[in-house]
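The structure appears below as structure tokens.
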Amino acid sequence: MRRTKTMLVGDVLKEFFSQPHIAAKVAEGRLPDTWREVVGDRAADVTMQLRLENRVLYAHISSSVIRSELFMRRTALVDEINRVAGVRLVNVVIIK
């Protein structure tokens, strides 16, 4: 198919990455950076593993103090992660 209207490469990429299934995969790839931005550097440093399965985020935290603090903020974490990611990426956060 031939386009009659020329488009800038940036506009084509923006259109491509704005598709819902593509945007979700990109946000999933940026999850470690999003996690660090949401919880802060100290909590991100003691996070041993982040795993996303079926919109459930499993976070393994080595510090008991930070683990209990994040456990109390689970619902706020879900809202903040989804806001920063720009898509509905996480429904539940499980802190272990």
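Going by the structure tokens order, chains are called A, B, ..., each with residues numbered from 1, while ligands are numbered from 1 in the order shown.
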Worksheet item: Could you pull out all residues of chain A with a DSSP call of alpha helix (DSSP H) and give them as a ChimeraX atom specification?
Response: /A:9-17,20-29,31-39,41-45,64-72,74-85
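Shell of A:Leu50 at 10 Å, with only C-alpha atoms counted and residues fewer than 3 places along the chain excluded, is Leu31, Pro32, Trp35, Ala44, Thr47, Leu57, Tyr58, Ala59, His60, Ile61 and Ile95 of chain A.
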Worksheet item: How many Å separate atom CA of A:Arg88 from atom CA of A:Ala24?
Response: 7.8 Å
Worksheet entry | Per-residue DSSP, chain A, filtered to strand (DSSP E), as a ChimeraX atom specification | /A:47-53,56-61,92-95
Can you spit out the residues from that selection as a short mmCIF file (atom, residue, chain, number, x, y, z; two decimals), in the first residue's frame, using C-alpha atoms?
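Writing the result to part.cif gives the following:
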```
data_model
loop_
_atom_site.label_atom_id
_atom_site.label_comp_id
_atom_site.auth_asym_id
_atom_site.auth_seq_id
_atom_site.Cartn_x
_atom_site.Cartn_y
_atom_site.Cartn_z
CA THR A 47 14.21 -5.31 45.96
CA MET A 48 15.62 -8.67 44.98
CA GLN A 49 13.13 -9.63 42.28
CA LEU A 50 10.23 -8.07 40.37
CA ARG A 51 7.96 -10.38 38.41
CA LEU A 52 4.78 -9.53 36.52
CA GLU A 53 2.33 -12.35 35.79
CA VAL A 56 -0.03 -9.28 39.35
CA LEU A 57 3.28 -7.76 40.40
CA TYR A 58 5.37 -9.90 42.76
CA ALA A 59 8.07 -7.96 44.59
CA HIS A 60 10.64 -9.77 46.76
CA ILE A 61 12.06 -7.36 49.33
CA VAL A 92 -2.42 -6.22 42.40
CA VAL A 93 0.96 -5.91 44.13
CA ILE A 94 2.12 -8.82 46.28
CA ILE A 95 5.02 -8.04 48.59
#
```
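Coordinates place atom CA of A:Arg55 at a distance of 18.3 Å from atom CA of A:Arg36.
Between atom CA of A:Ser64 and atom CA of A:Lys96 the separation is 9.5 Å.
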Practice prompt. Fewer than 2 positions away in the same chain doesn't count, so skip those; otherwise give me all residues within 10 Å of A:Val87, counting only C-alpha atoms, as a count of residues only.
Written response: 15
Worksheet item: Given the choices A:Leu8, A:Glu15, A:Gly29, A:Arg42, which gets closest to A:Ile66 if the distance is worked out from only C-alpha atoms?
Response: A:Arg42
